[in-house]
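S.K.: My structure is stored as my_file_35.pdb, with PDB, C-alpha atoms and all ligand atoms.
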```pdb
MODEL        1
ATOM      1  CA  MET A  29      96.204 128.467  36.668
ATOM      2  CA  LEU A  30      93.182 128.433  38.949
ATOM      3  CA  TYR A  31      92.103 125.387  40.916
ATOM      4  CA  HIS A  32      89.031 124.654  43.013
ATOM      5  CA  VAL A  33      90.129 122.454  45.911
ATOM      6  CA  PHE A  34      87.816 120.650  48.350
ATOM      7  CA  MET A  35      89.551 119.551  51.565
ATOM      8  CA  ASP A  36      87.720 117.201  53.900
ATOM      9  CA  VAL A  37      89.492 116.996  57.262
ATOM     10  CA  LYS A  38      89.446 113.649  59.096
ATOM     11  CA  ILE A  39      91.608 113.820  62.191
ATOM     12  CA  PRO A  40      91.686 110.410  63.888
ATOM     13  CA  ARG A  41      89.776 110.375  67.181
ATOM     14  CA  ASP A  42      92.726 108.747  68.942
ATOM     15  CA  LEU A  43      95.207 111.499  67.990
ATOM     16  CA  PRO A  44      96.182 113.224  71.262
ATOM     17  CA  ALA A  45      94.461 116.628  71.565
ATOM     18  CA  GLU A  46      97.772 118.491  72.042
ATOM     19  CA  GLU A  47      99.235 116.950  68.900
ATOM     20  CA  ALA A  48      96.097 117.798  66.912
ATOM     21  CA  ALA A  49      96.172 121.404  68.190
ATOM     22  CA  GLU A  50      99.841 121.765  67.192
ATOM     23  CA  ILE A  51      99.170 120.451  63.660
ATOM     24  CA  ILE A  52      96.150 122.761  63.279
ATOM     25  CA  ALA A  53      98.231 125.769  64.396
ATOM     26  CA  ARG A  54     100.923 124.913  61.827
ATOM     27  CA  GLU A  55      98.228 124.457  59.165
ATOM     28  CA  LYS A  56      96.855 127.927  59.908
ATOM     29  CA  ALA A  57     100.280 129.597  59.654
ATOM     30  CA  TYR A  58     101.101 127.696  56.422
ATOM     31  CA  SER A  59      97.797 128.640  54.814
ATOM     32  CA  GLN A  60      97.956 132.276  55.912
ATOM     33  CA  ASP A  61     101.459 132.665  54.413
ATOM     34  CA  LEU A  62     100.148 131.305  51.110
ATOM     35  CA  GLN A  63      97.071 133.557  51.285
ATOM     36  CA  ARG A  64      99.335 136.587  51.786
ATOM     37  CA  SER A  65     101.444 135.488  48.795
ATOM     38  CA  GLY A  66      98.310 135.432  46.580
ATOM     39  CA  LYS A  67      98.652 131.736  45.717
ATOM     40  CA  TRP A  68      95.793 130.714  48.050
ATOM     41  CA  ARG A  69      93.133 133.160  46.823
ATOM     42  CA  HIS A  70      90.102 132.053  48.827
ATOM     43  CA  ILE A  71      89.246 129.718  51.679
ATOM     44  CA  TRP A  72      85.680 129.059  52.777
ATOM     45  CA  ARG A  73      84.357 126.763  55.490
ATOM     46  CA  VAL A  74      81.700 124.373  54.177
ATOM     47  CA  ALA A  75      78.718 124.858  56.476
ATOM     48  CA  GLY A  76      78.114 121.889  58.722
ATOM     49  CA  GLN A  77      81.322 120.045  57.752
ATOM     50  CA  TYR A  78      84.946 120.007  58.912
ATOM     51  CA  ALA A  79      85.877 120.847  55.333
ATOM     52  CA  ASN A  80      86.833 123.820  53.222
ATOM     53  CA  ILE A  81      86.573 124.967  49.636
ATOM     54  CA  SER A  82      89.588 126.894  48.460
ATOM     55  CA  ILE A  83      90.741 128.581  45.269
ATOM     56  CA  PHE A  84      94.430 128.421  44.388
ATOM     57  CA  ASP A  85      96.208 130.510  41.767
ATOM     58  CA  VAL A  86      99.444 128.706  40.978
ATOM     59  CA  ARG A  87     101.752 128.025  38.029
ATOM     60  CA  ASP A  88     100.771 124.443  37.279
ATOM     61  CA  ASN A  89      99.736 121.029  38.627
ATOM     62  CA  ALA A  90     103.196 120.450  40.048
ATOM     63  CA  GLU A  91     103.142 123.642  42.144
ATOM     64  CA  LEU A  92      99.651 122.851  43.434
ATOM     65  CA  HIS A  93     100.757 119.342  44.359
ATOM     66  CA  GLU A  94     103.796 120.694  46.195
ATOM     67  CA  ILE A  95     101.622 123.126  48.190
ATOM     68  CA  LEU A  96      98.913 120.582  49.036
ATOM     69  CA  SER A  97     101.318 117.825  49.985
ATOM     70  CA  GLY A  98     103.103 120.281  52.299
ATOM     71  CA  LEU A  99      99.943 120.972  54.321
ATOM     72  CA  PRO A 100     100.480 119.847  57.924
ATOM     73  CA  LEU A 101      96.995 118.279  57.789
ATOM     74  CA  PHE A 102      97.721 116.544  54.449
ATOM     75  CA  PRO A 103      97.876 113.042  56.032
ATOM     76  CA  PHE A 104      94.446 113.673  57.564
ATOM     77  CA  MET A 105      92.514 115.059  54.599
ATOM     78  CA  ASP A 106      90.690 113.787  51.549
ATOM     79  CA  ILE A 107      91.380 116.325  48.789
ATOM     80  CA  LYS A 108      89.548 116.787  45.504
ATOM     81  CA  VAL A 109      91.053 119.118  42.886
ATOM     82  CA  THR A 110      89.179 120.671  39.956
ATOM     83  CA  PRO A 111      91.177 122.749  37.441
ATOM     84  CA  LEU A 112      89.355 125.917  36.337
ATOM     85  CA  LEU A 113      89.527 128.119  33.266
ATOM     86  CA  ARG A 114      87.802 131.287  32.223
ATOM     87  CA  HIS A 115      84.200 130.784  31.104
ATOM     88  CA  PRO A 116      83.514 132.297  27.644
ATOM     89  CA  SER A 117      80.503 134.186  29.074
ATOM     90  CA  ALA A 118      82.373 135.655  32.058
ATOM     91  CA  VAL A 119      82.153 139.460  32.234
ATOM     92  CA  ARG A 120      84.416 140.063  35.211
ATOM     93  CA  GLU A 121      88.034 140.660  34.227
ATOM     94  CA  ASP A 122      89.299 139.047  37.437
ATOM     95  CA  ASP A 123      87.609 135.701  36.670
ATOM     96  CA  SER A 124      90.785 134.233  35.238
TER
HETATM   97  O1  LIG B 201      90.148 123.640  58.786
HETATM   98  C1  LIG B 201      90.342 123.310  57.589
HETATM   99  O2  LIG B 201      89.486 123.403  56.728
HETATM  100  C2  LIG B 201      91.723 122.865  57.159
HETATM  101  C3  LIG B 201      92.553 124.011  56.856
HETATM  102  C4  LIG B 201      93.150 124.322  55.696
HETATM  103  C5  LIG B 201      93.886 125.552  55.862
HETATM  104  C6  LIG B 201      93.599 125.879  57.238
HETATM  105  O3  LIG B 201      94.018 126.844  57.881
HETATM  106  O4  LIG B 201      92.786 124.943  57.813
ENDMDL
END
```
Would you mind writing the file's structure down as structure tokens?
Ligand SMILES: O=C(O)CC1=CCC(=O)O1
M.R.:
Amino acid sequence: MLYHVFMDVKIPRDLPAEEAAEIIAREKAYSQDLQRSGKWRHIWRVAGQYANISIFDVRDNAELHEILSGLPLFPFMDIKVTPLLRHPSAVREDDS
């Protein structure tokens, strides 16, 4: 199943810079592993915001929840999930 996921990052201002940098480095490694596996298909920065829009291709809601709740930045993000399905007018075969 495909999911559109909006992640809005809100790191507290009083989090020590070294701790924040360590969490961000772990987040990058975690996300790049999932991108290489094909489960995290796309990640885009939202211009002008500390936020991203991502597309996940996972088995079901439970797998998506497991992935998102394992994000090192999970405690510091607001996340909105939109499940996607193939549009009946889509012409591209890879739009599913
Ligand atoms: O910077 C972000 O948008 C948060 C994030 C998610 C995966 C990643 O590497 O950074």
S.K.: Hey, which residues come within 9 Å of ligand LIG 201 (chain B) if we count all atoms listed in the file? Could you give them as an MDAnalysis selection string?
M.R.: chainID A and resid 34:37 52:60 71:74 77:82 99:101 105
S.K.: Just give me the gap between CA of Ile95 in chain A and CA of Pro44 in chain A in Å, one decimal is fine.
M.R.: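 That distance, rounded to one decimal, is 25.7 Å.
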S.K.: Measuring atom to atom with all atoms listed in the file, identify which of A:Arg114, A:Lys67, A:Arg120, A:His32 is nearest to Arg87 in chain A.
M.R.: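 Of A:Arg114, A:Lys67, A:Arg120, A:His32, the one nearest Arg87 in chain A, counting all atoms listed in the file, is A:Lys67.
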S.K.: Nearest to Leu62 in chain A among A:Ile83, A:Ile39, A:Ala90, A:Ala75, with distances taken over all atoms listed in the file: which residue is it?
M.R.: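 Smallest distance to Leu62 in chain A is found for A:Ile83.
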S.K.: Got a sec to resolve the PyMOL selection byres (((chain A and resi 112) around 12) and not hetatm) on this structure and send the residues as a PyMOL selection string?
M.R.: chain A and resi 29-33+83-86+88-89+109-111+113-115+123-124
S.K.: Using N, CA, C and O atoms, give me range 31-63 of chain A from the structure I just pasted, as an mmCIF file, in the first residue's frame.
M.R.:
```cif
data_model
loop_
_atom_site.group_PDB
_atom_site.id
_atom_site.type_symbol
_atom_site.label_atom_id
_atom_site.label_comp_id
_atom_site.auth_asym_id
_atom_site.auth_seq_id
_atom_site.Cartn_x
_atom_site.Cartn_y
_atom_site.Cartn_z
ATOM 1 N N TYR A 31 1.384 5.302 0.898
ATOM 2 C CA TYR A 31 0.956 6.323 1.860
ATOM 3 C C TYR A 31 1.712 7.613 1.595
ATOM 4 O O TYR A 31 2.932 7.590 1.386
ATOM 5 N N HIS A 32 0.962 8.719 1.623
ATOM 6 C CA HIS A 32 1.545 10.060 1.628
ATOM 7 C C HIS A 32 1.694 10.448 3.098
ATOM 8 O O HIS A 32 0.718 10.355 3.874
ATOM 9 N N VAL A 33 2.910 10.828 3.486
ATOM 10 C CA VAL A 33 3.154 11.165 4.889
ATOM 11 C C VAL A 33 3.788 12.558 4.968
ATOM 12 O O VAL A 33 4.789 12.825 4.295
ATOM 13 N N PHE A 34 3.170 13.422 5.756
ATOM 14 C CA PHE A 34 3.696 14.771 6.006
ATOM 15 C C PHE A 34 4.310 14.767 7.404
ATOM 16 O O PHE A 34 3.627 14.398 8.376
ATOM 17 N N MET A 35 5.589 15.103 7.493
ATOM 18 C CA MET A 35 6.275 15.131 8.795
ATOM 19 C C MET A 35 6.749 16.554 9.060
ATOM 20 O O MET A 35 7.527 17.112 8.275
ATOM 21 N N ASP A 36 6.256 17.095 10.152
ATOM 22 C CA ASP A 36 6.586 18.467 10.556
ATOM 23 C C ASP A 36 7.493 18.353 11.783
ATOM 24 O O ASP A 36 7.059 17.877 12.831
ATOM 25 N N VAL A 37 8.747 18.775 11.625
ATOM 26 C CA VAL A 37 9.737 18.574 12.687
ATOM 27 C C VAL A 37 9.732 19.766 13.646
ATOM 28 O O VAL A 37 9.806 20.922 13.217
ATOM 29 N N LYS A 38 9.616 19.451 14.939
ATOM 30 C CA LYS A 38 9.602 20.521 15.967
ATOM 31 C C LYS A 38 10.542 20.122 17.090
ATOM 32 O O LYS A 38 10.109 19.580 18.111
ATOM 33 N N ILE A 39 11.826 20.371 16.863
ATOM 34 C CA ILE A 39 12.817 20.061 17.900
ATOM 35 C C ILE A 39 12.782 21.174 18.946
ATOM 36 O O ILE A 39 12.880 22.360 18.588
ATOM 37 N N PRO A 40 12.642 20.812 20.225
ATOM 38 C CA PRO A 40 12.569 21.864 21.246
ATOM 39 C C PRO A 40 13.828 22.718 21.253
ATOM 40 O O PRO A 40 14.936 22.200 21.107
ATOM 41 N N ARG A 41 13.654 24.018 21.432
ATOM 42 C CA ARG A 41 14.795 24.948 21.410
ATOM 43 C C ARG A 41 15.795 24.654 22.521
ATOM 44 O O ARG A 41 16.967 24.968 22.399
ATOM 45 N N ASP A 42 15.305 24.051 23.620
ATOM 46 C CA ASP A 42 16.219 23.814 24.748
ATOM 47 C C ASP A 42 16.899 22.445 24.678
ATOM 48 O O ASP A 42 17.617 22.069 25.599
ATOM 49 N N LEU A 43 16.698 21.699 23.584
ATOM 50 C CA LEU A 43 17.423 20.429 23.432
ATOM 51 C C LEU A 43 18.886 20.757 23.092
ATOM 52 O O LEU A 43 19.133 21.517 22.134
ATOM 53 N N PRO A 44 19.841 20.209 23.873
ATOM 54 C CA PRO A 44 21.244 20.533 23.585
ATOM 55 C C PRO A 44 21.607 20.217 22.124
ATOM 56 O O PRO A 44 21.174 19.187 21.569
ATOM 57 N N ALA A 45 22.405 21.103 21.517
ATOM 58 C CA ALA A 45 22.728 20.999 20.088
ATOM 59 C C ALA A 45 23.365 19.643 19.746
ATOM 60 O O ALA A 45 23.064 19.048 18.702
ATOM 61 N N GLU A 46 24.231 19.148 20.636
ATOM 62 C CA GLU A 46 24.896 17.855 20.364
ATOM 63 C C GLU A 46 23.903 16.721 20.332
ATOM 64 O O GLU A 46 23.998 15.806 19.498
ATOM 65 N N GLU A 47 22.932 16.765 21.247
ATOM 66 C CA GLU A 47 21.904 15.722 21.302
ATOM 67 C C GLU A 47 21.035 15.773 20.040
ATOM 68 O O GLU A 47 20.731 14.744 19.432
ATOM 69 N N ALA A 48 20.676 17.000 19.639
ATOM 70 C CA ALA A 48 19.859 17.163 18.429
ATOM 71 C C ALA A 48 20.621 16.626 17.212
ATOM 72 O O ALA A 48 20.053 15.898 16.381
ATOM 73 N N ALA A 49 21.910 16.947 17.122
ATOM 74 C CA ALA A 49 22.715 16.509 15.969
ATOM 75 C C ALA A 49 22.809 14.978 15.933
ATOM 76 O O ALA A 49 22.753 14.367 14.853
ATOM 77 N N GLU A 50 22.910 14.359 17.092
ATOM 78 C CA GLU A 50 23.011 12.890 17.153
ATOM 79 C C GLU A 50 21.690 12.249 16.713
ATOM 80 O O GLU A 50 21.672 11.277 15.953
ATOM 81 N N ILE A 51 20.570 12.816 17.133
ATOM 82 C CA ILE A 51 19.255 12.283 16.734
ATOM 83 C C ILE A 51 19.066 12.450 15.224
ATOM 84 O O ILE A 51 18.600 11.542 14.534
ATOM 85 N N ILE A 52 19.457 13.613 14.705
ATOM 86 C CA ILE A 52 19.296 13.875 13.261
ATOM 87 C C ILE A 52 20.169 12.920 12.441
ATOM 88 O O ILE A 52 19.745 12.417 11.388
ATOM 89 N N ALA A 53 21.368 12.621 12.935
ATOM 90 C CA ALA A 53 22.243 11.673 12.217
ATOM 91 C C ALA A 53 21.629 10.272 12.209
ATOM 92 O O ALA A 53 21.656 9.572 11.181
ATOM 93 N N ARG A 54 21.034 9.872 13.353
ATOM 94 C CA ARG A 54 20.381 8.553 13.392
ATOM 95 C C ARG A 54 19.158 8.521 12.482
ATOM 96 O O ARG A 54 18.874 7.526 11.822
ATOM 97 N N GLU A 55 18.428 9.642 12.437
ATOM 98 C CA GLU A 55 17.248 9.745 11.570
ATOM 99 C C GLU A 55 17.660 9.556 10.098
ATOM 100 O O GLU A 55 17.004 8.837 9.351
ATOM 101 N N LYS A 56 18.751 10.196 9.722
ATOM 102 C CA LYS A 56 19.220 10.098 8.334
ATOM 103 C C LYS A 56 19.573 8.650 7.984
ATOM 104 O O LYS A 56 19.146 8.134 6.930
ATOM 105 N N ALA A 57 20.310 7.980 8.858
ATOM 106 C CA ALA A 57 20.715 6.593 8.584
ATOM 107 C C ALA A 57 19.484 5.684 8.504
ATOM 108 O O ALA A 57 19.368 4.834 7.602
ATOM 109 N N TYR A 58 18.536 5.878 9.428
ATOM 110 C CA TYR A 58 17.305 5.071 9.468
ATOM 111 C C TYR A 58 16.513 5.266 8.169
ATOM 112 O O TYR A 58 16.066 4.304 7.548
ATOM 113 N N SER A 59 16.389 6.525 7.763
ATOM 114 C CA SER A 59 15.580 6.789 6.560
ATOM 115 C C SER A 59 16.292 6.295 5.297
ATOM 116 O O SER A 59 15.652 5.762 4.385
ATOM 117 N N GLN A 60 17.619 6.426 5.274
ATOM 118 C CA GLN A 60 18.324 5.974 4.058
ATOM 119 C C GLN A 60 18.291 4.455 3.923
ATOM 120 O O GLN A 60 18.181 3.933 2.809
ATOM 121 N N ASP A 61 18.335 3.728 5.039
ATOM 122 C CA ASP A 61 18.174 2.258 4.975
ATOM 123 C C ASP A 61 16.818 1.901 4.377
ATOM 124 O O ASP A 61 16.705 1.014 3.517
ATOM 125 N N LEU A 62 15.775 2.603 4.854
ATOM 126 C CA LEU A 62 14.420 2.303 4.353
ATOM 127 C C LEU A 62 14.258 2.723 2.894
ATOM 128 O O LEU A 62 13.542 2.063 2.125
ATOM 129 N N GLN A 63 14.945 3.814 2.498
ATOM 130 C CA GLN A 63 14.880 4.212 1.081
ATOM 131 C C GLN A 63 15.539 3.143 0.211
ATOM 132 O O GLN A 63 15.009 2.767 -0.845
#
```
